[in-house]
Amino acid sequence: MFHKNFLVVLEVNMKIKSVAYCAMLTALAMIFGYVEALVPFHFGLPGVKLGVANIVIVLALYQLPAGQVFAIQVMRIVLVSFLFGNVSMMLYSLAGGILSLLIMLLLKKTNWFSITGISIVGGVSHNLGQLAVALLVVQNLRITFYLPVLLIAGLVTGCLIGMLAYKLKPLMERYF
């Protein structure tokens, strides 16, 4: 009887820790999003930003189950959009964020790519998801002329985020 109750308490305790950890990562990603909104990194191109909050998502890919990473991604996008953006921003961000997360999850399972490679593909696919929504909203194929710019931006920002995640990963594994 004692053994069974101990296991139940232990299981509940682990669930509480897991929820708290996901909430902490969501809050951290929101803080990064807020800082980026306050001090925008302008690359001289509309819609292009560094995406610092994606560091949290890339790191979470290596620490948490897919469902928890998905929840962090969606919660971050919805909350940041409501607090610092608008519904239009949320639509574009959800399209890009969900597409990039799904592709990064698939690539991580193959073990063919480094954390930086996965981040690069995530950055590019995020921009492709946003472009797909823009095509549906604007209904003008001329918007695809912006594709090379978005691909290069995704490559560069994904590389920067991936290199930073590579450096932070050992610290996250050590302390969390």
# chains A, B, ... in the order shown; residues from 1 in each chain; ligands from 1
>>> residues_around(residues="Leu155 in chain A", least_positions_apart="3", cutoff="9 Å", atoms="only C-alpha atoms", output="PyMOL selection string")
chain A and resi 119-124+150-152+158-160
>>> write_last_selection(atoms="all heavy atoms", output="compact mmCIF listing (two decimals), in the first residue's frame")
# COMPACT_ATOMS: atom_id res chain seq x y z
N SER A 119 17.97 24.04 -36.92
CA SER A 119 17.54 25.43 -36.73
C SER A 119 17.47 26.17 -38.06
O SER A 119 16.54 26.96 -38.29
CB SER A 119 18.49 26.15 -35.77
OG SER A 119 18.11 27.49 -35.61
N ILE A 120 18.42 25.92 -38.94
CA ILE A 120 18.41 26.56 -40.26
C ILE A 120 17.17 26.15 -41.04
O ILE A 120 16.45 26.99 -41.59
CB ILE A 120 19.69 26.22 -41.05
CG1 ILE A 120 20.90 26.93 -40.42
CG2 ILE A 120 19.55 26.59 -42.53
CD1 ILE A 120 22.24 26.46 -40.97
N VAL A 121 16.90 24.85 -41.07
CA VAL A 121 15.70 24.37 -41.78
C VAL A 121 14.45 24.93 -41.11
O VAL A 121 13.47 25.29 -41.79
CB VAL A 121 15.68 22.83 -41.84
CG1 VAL A 121 14.38 22.33 -42.43
CG2 VAL A 121 16.86 22.31 -42.63
N GLY A 122 14.47 25.05 -39.79
CA GLY A 122 13.34 25.65 -39.09
C GLY A 122 13.13 27.10 -39.47
O GLY A 122 11.99 27.54 -39.68
N GLY A 123 14.21 27.86 -39.58
CA GLY A 123 14.10 29.26 -39.97
C GLY A 123 13.56 29.42 -41.38
O GLY A 123 12.70 30.27 -41.64
N VAL A 124 14.05 28.60 -42.29
CA VAL A 124 13.58 28.67 -43.68
C VAL A 124 12.11 28.25 -43.77
O VAL A 124 11.29 28.92 -44.41
CB VAL A 124 14.47 27.80 -44.60
CG1 VAL A 124 13.86 27.65 -45.98
CG2 VAL A 124 15.87 28.40 -44.69
N LEU A 150 13.30 35.83 -48.29
CA LEU A 150 12.87 35.07 -47.12
C LEU A 150 13.73 33.83 -46.90
O LEU A 150 14.03 33.46 -45.77
CB LEU A 150 11.40 34.68 -47.25
CG LEU A 150 10.40 35.82 -47.17
CD1 LEU A 150 8.99 35.31 -47.42
CD2 LEU A 150 10.49 36.52 -45.82
N LEU A 151 14.13 33.18 -47.98
CA LEU A 151 14.98 31.99 -47.85
C LEU A 151 16.35 32.36 -47.28
O LEU A 151 16.86 31.67 -46.39
CB LEU A 151 15.14 31.30 -49.21
CG LEU A 151 13.88 30.65 -49.78
CD1 LEU A 151 14.17 30.08 -51.16
CD2 LEU A 151 13.33 29.60 -48.84
N ILE A 152 16.93 33.45 -47.77
CA ILE A 152 18.23 33.89 -47.25
C ILE A 152 18.10 34.33 -45.80
O ILE A 152 18.94 33.98 -44.95
CB ILE A 152 18.82 35.02 -48.13
CG1 ILE A 152 19.19 34.45 -49.50
CG2 ILE A 152 20.02 35.67 -47.47
CD1 ILE A 152 19.52 35.50 -50.55
N GLY A 158 18.35 31.37 -38.91
CA GLY A 158 18.36 30.00 -38.41
C GLY A 158 19.75 29.55 -38.01
O GLY A 158 19.93 28.85 -37.02
N CYS A 159 20.74 29.98 -38.77
CA CYS A 159 22.13 29.65 -38.46
C CYS A 159 22.56 30.32 -37.15
O CYS A 159 23.17 29.67 -36.29
CB CYS A 159 23.03 30.06 -39.61
SG CYS A 159 24.76 29.57 -39.40
N LEU A 160 22.24 31.59 -37.00
CA LEU A 160 22.60 32.30 -35.76
C LEU A 160 21.92 31.68 -34.54
O LEU A 160 22.56 31.46 -33.51
CB LEU A 160 22.24 33.78 -35.88
CG LEU A 160 23.04 34.59 -36.89
CD1 LEU A 160 22.45 35.98 -37.06
CD2 LEU A 160 24.50 34.66 -36.48
>>> residues_around(residues="Val80 in chain A", least_positions_apart="5", cutoff="9 Å", atoms="only C-alpha atoms", output="list of chain:residue names")
A:Met30, A:Ile31, A:Gly33, A:Tyr34, A:Met75, A:Gly85, A:Asn86, A:Met90
>>> select_by_dssp(residues="range 36-150 of chain A", states="helix (DSSP H, G or I)", output="MDAnalysis selection string")
chainID A and resid 36:38 54:61 66:84 87:110 115:138 141:150
>>> closest_residue(among="A:Gln63, A:Thr26, A:Thr157, A:Gln130", to="Ile77 in chain A", atoms="only C-alpha atoms")
A:Thr26
>>> closest_residue(among="A:Leu168, A:Leu128, A:Ala27, A:Met89", to="Ile103 in chain A", atoms="only C-alpha atoms")
A:Leu128
>>> residues_around(residues="Cys22 in chain A", least_positions_apart="5", cutoff="9 Å", atoms="only C-alpha atoms", output="ChimeraX atom specification")
/A:17,27,60,64,68-69,71-72
>>> closest_residue(among="A:Leu131, A:Leu171, A:Leu28, A:Val78", to="Leu99 in chain A", atoms="only C-alpha atoms")
A:Leu131
>>> atom_distance(atom1="CA of Ile143 in chain A", atom2="CA of Gln73 in chain A")
26.6 Å
>>> atom_distance(atom1="CA of Val48 in chain A", atom2="CA of Phe113 in chain A")
24.6 Å
>>> atom_distance(atom1="CA of Pro65 in chain A", atom2="CA of Leu50 in chain A")
25.4 Å
>>> closest_residue(among="A:Leu101, A:Leu59, A:Leu38, A:Ala95", to="Glu173 in chain A", atoms="only C-alpha atoms")
A:Leu59
>>> residues_around(residues="Ile55 in chain A", least_positions_apart="5", cutoff="8 Å", atoms="only C-alpha atoms", output="list of chain:residue names")
A:Ala29, A:Ile161, A:Gly162, A:Leu164, A:Ala165
>>> write_last_selection(atoms="C-alpha atoms", output="PDB file, in the first residue's frame")
ATOM      1  CA  ALA A  29      10.374  32.631 -24.952  1.00  0.00           C
ATOM      2  CA  ILE A 161      19.888  30.785 -33.560  1.00  0.00           C
ATOM      3  CA  GLY A 162      21.278  27.287 -34.119  1.00  0.00           C
ATOM      4  CA  LEU A 164      23.591  29.948 -30.043  1.00  0.00           C
ATOM      5  CA  ALA A 165      21.439  26.924 -29.181  1.00  0.00           C
TER       6      ALA A 165
END
>>> closest_residue(among="A:Leu61, A:Leu106, A:Ala66, A:Val133", to="Ser93 in chain A", atoms="only C-alpha atoms")
A:Val133
>>> residues_around(residues="Ala134 in chain A", least_positions_apart="2", cutoff="12 Å", atoms="only C-alpha atoms", output="PyMOL selection string")
chain A and resi 47+88-89+91-93+95-96+127-132+136-144+146-147
>>> closest_residue(among="A:Val87, A:Val19, A:Leu105, A:Ala153", to="Ile57 in chain A", atoms="only C-alpha atoms")
A:Leu105
>>> decode(residues="range 86-105 of chain A", atoms="N, CA, C and O atoms", output="PDB file, in the first residue's frame")
ATOM      1  N   ASN A  86      -0.921  41.543 -32.905  1.00  0.00           N
ATOM      2  CA  ASN A  86      -2.331  41.559 -33.285  1.00  0.00           C
ATOM      3  C   ASN A  86      -2.712  40.190 -33.849  1.00  0.00           C
ATOM      4  O   ASN A  86      -1.875  39.296 -33.957  1.00  0.00           O
ATOM      5  N   VAL A  87      -3.977  40.050 -34.225  1.00  0.00           N
ATOM      6  CA  VAL A  87      -4.472  38.769 -34.719  1.00  0.00           C
ATOM      7  C   VAL A  87      -3.800  38.397 -36.042  1.00  0.00           C
ATOM      8  O   VAL A  87      -3.499  37.225 -36.279  1.00  0.00           O
ATOM      9  N   SER A  88      -3.533  39.374 -36.872  1.00  0.00           N
ATOM     10  CA  SER A  88      -2.851  39.110 -38.137  1.00  0.00           C
ATOM     11  C   SER A  88      -1.458  38.532 -37.882  1.00  0.00           C
ATOM     12  O   SER A  88      -1.052  37.552 -38.520  1.00  0.00           O
ATOM     13  N   MET A  89      -0.744  39.140 -36.933  1.00  0.00           N
ATOM     14  CA  MET A  89       0.585  38.644 -36.565  1.00  0.00           C
ATOM     15  C   MET A  89       0.487  37.205 -36.065  1.00  0.00           C
ATOM     16  O   MET A  89       1.326  36.362 -36.389  1.00  0.00           O
ATOM     17  N   MET A  90      -0.573  36.915 -35.289  1.00  0.00           N
ATOM     18  CA  MET A  90      -0.742  35.573 -34.754  1.00  0.00           C
ATOM     19  C   MET A  90      -0.951  34.562 -35.880  1.00  0.00           C
ATOM     20  O   MET A  90      -0.379  33.474 -35.857  1.00  0.00           O
ATOM     21  N   LEU A  91      -1.748  34.919 -36.877  1.00  0.00           N
ATOM     22  CA  LEU A  91      -2.008  34.022 -37.999  1.00  0.00           C
ATOM     23  C   LEU A  91      -0.718  33.666 -38.738  1.00  0.00           C
ATOM     24  O   LEU A  91      -0.431  32.489 -38.979  1.00  0.00           O
ATOM     25  N   TYR A  92       0.060  34.672 -39.061  1.00  0.00           N
ATOM     26  CA  TYR A  92       1.329  34.441 -39.764  1.00  0.00           C
ATOM     27  C   TYR A  92       2.308  33.652 -38.891  1.00  0.00           C
ATOM     28  O   TYR A  92       2.969  32.723 -39.354  1.00  0.00           O
ATOM     29  N   SER A  93       2.388  34.028 -37.620  1.00  0.00           N
ATOM     30  CA  SER A  93       3.329  33.367 -36.718  1.00  0.00           C
ATOM     31  C   SER A  93       2.948  31.918 -36.457  1.00  0.00           C
ATOM     32  O   SER A  93       3.814  31.046 -36.383  1.00  0.00           O
ATOM     33  N   LEU A  94       1.654  31.650 -36.307  1.00  0.00           N
ATOM     34  CA  LEU A  94       1.222  30.263 -36.099  1.00  0.00           C
ATOM     35  C   LEU A  94       1.536  29.399 -37.317  1.00  0.00           C
ATOM     36  O   LEU A  94       2.008  28.270 -37.180  1.00  0.00           O
ATOM     37  N   ALA A  95       1.282  29.934 -38.509  1.00  0.00           N
ATOM     38  CA  ALA A  95       1.575  29.170 -39.735  1.00  0.00           C
ATOM     39  C   ALA A  95       3.060  28.848 -39.817  1.00  0.00           C
ATOM     40  O   ALA A  95       3.455  27.695 -40.038  1.00  0.00           O
ATOM     41  N   GLY A  96       3.886  29.861 -39.626  1.00  0.00           N
ATOM     42  CA  GLY A  96       5.332  29.646 -39.699  1.00  0.00           C
ATOM     43  C   GLY A  96       5.840  28.793 -38.553  1.00  0.00           C
ATOM     44  O   GLY A  96       6.659  27.892 -38.746  1.00  0.00           O
ATOM     45  N   GLY A  97       5.361  29.066 -37.356  1.00  0.00           N
ATOM     46  CA  GLY A  97       5.837  28.354 -36.170  1.00  0.00           C
ATOM     47  C   GLY A  97       5.475  26.882 -36.163  1.00  0.00           C
ATOM     48  O   GLY A  97       6.289  26.025 -35.824  1.00  0.00           O
ATOM     49  N   ILE A  98       4.246  26.577 -36.538  1.00  0.00           N
ATOM     50  CA  ILE A  98       3.817  25.175 -36.546  1.00  0.00           C
ATOM     51  C   ILE A  98       4.506  24.405 -37.667  1.00  0.00           C
ATOM     52  O   ILE A  98       4.985  23.284 -37.453  1.00  0.00           O
ATOM     53  N   LEU A  99       4.583  25.007 -38.860  1.00  0.00           N
ATOM     54  CA  LEU A  99       5.275  24.327 -39.968  1.00  0.00           C
ATOM     55  C   LEU A  99       6.740  24.066 -39.612  1.00  0.00           C
ATOM     56  O   LEU A  99       7.243  22.956 -39.782  1.00  0.00           O
ATOM     57  N   SER A 100       7.415  25.077 -39.091  1.00  0.00           N
ATOM     58  CA  SER A 100       8.836  24.900 -38.779  1.00  0.00           C
ATOM     59  C   SER A 100       9.028  23.868 -37.672  1.00  0.00           C
ATOM     60  O   SER A 100       9.948  23.055 -37.732  1.00  0.00           O
ATOM     61  N   LEU A 101       8.154  23.871 -36.675  1.00  0.00           N
ATOM     62  CA  LEU A 101       8.287  22.898 -35.591  1.00  0.00           C
ATOM     63  C   LEU A 101       8.086  21.473 -36.101  1.00  0.00           C
ATOM     64  O   LEU A 101       8.852  20.575 -35.753  1.00  0.00           O
ATOM     65  N   LEU A 102       7.074  21.275 -36.931  1.00  0.00           N
ATOM     66  CA  LEU A 102       6.838  19.932 -37.469  1.00  0.00           C
ATOM     67  C   LEU A 102       8.028  19.434 -38.282  1.00  0.00           C
ATOM     68  O   LEU A 102       8.450  18.282 -38.145  1.00  0.00           O
ATOM     69  N   ILE A 103       8.585  20.295 -39.100  1.00  0.00           N
ATOM     70  CA  ILE A 103       9.730  19.897 -39.925  1.00  0.00           C
ATOM     71  C   ILE A 103      10.957  19.654 -39.044  1.00  0.00           C
ATOM     72  O   ILE A 103      11.690  18.681 -39.250  1.00  0.00           O
ATOM     73  N   MET A 104      11.183  20.507 -38.042  1.00  0.00           N
ATOM     74  CA  MET A 104      12.328  20.298 -37.148  1.00  0.00           C
ATOM     75  C   MET A 104      12.186  18.996 -36.367  1.00  0.00           C
ATOM     76  O   MET A 104      13.169  18.272 -36.180  1.00  0.00           O
ATOM     77  N   LEU A 105      10.961  18.675 -35.931  1.00  0.00           N
ATOM     78  CA  LEU A 105      10.734  17.408 -35.222  1.00  0.00           C
ATOM     79  C   LEU A 105      11.049  16.213 -36.122  1.00  0.00           C
ATOM     80  O   LEU A 105      11.687  15.248 -35.679  1.00  0.00           O
TER      81      LEU A 105
END
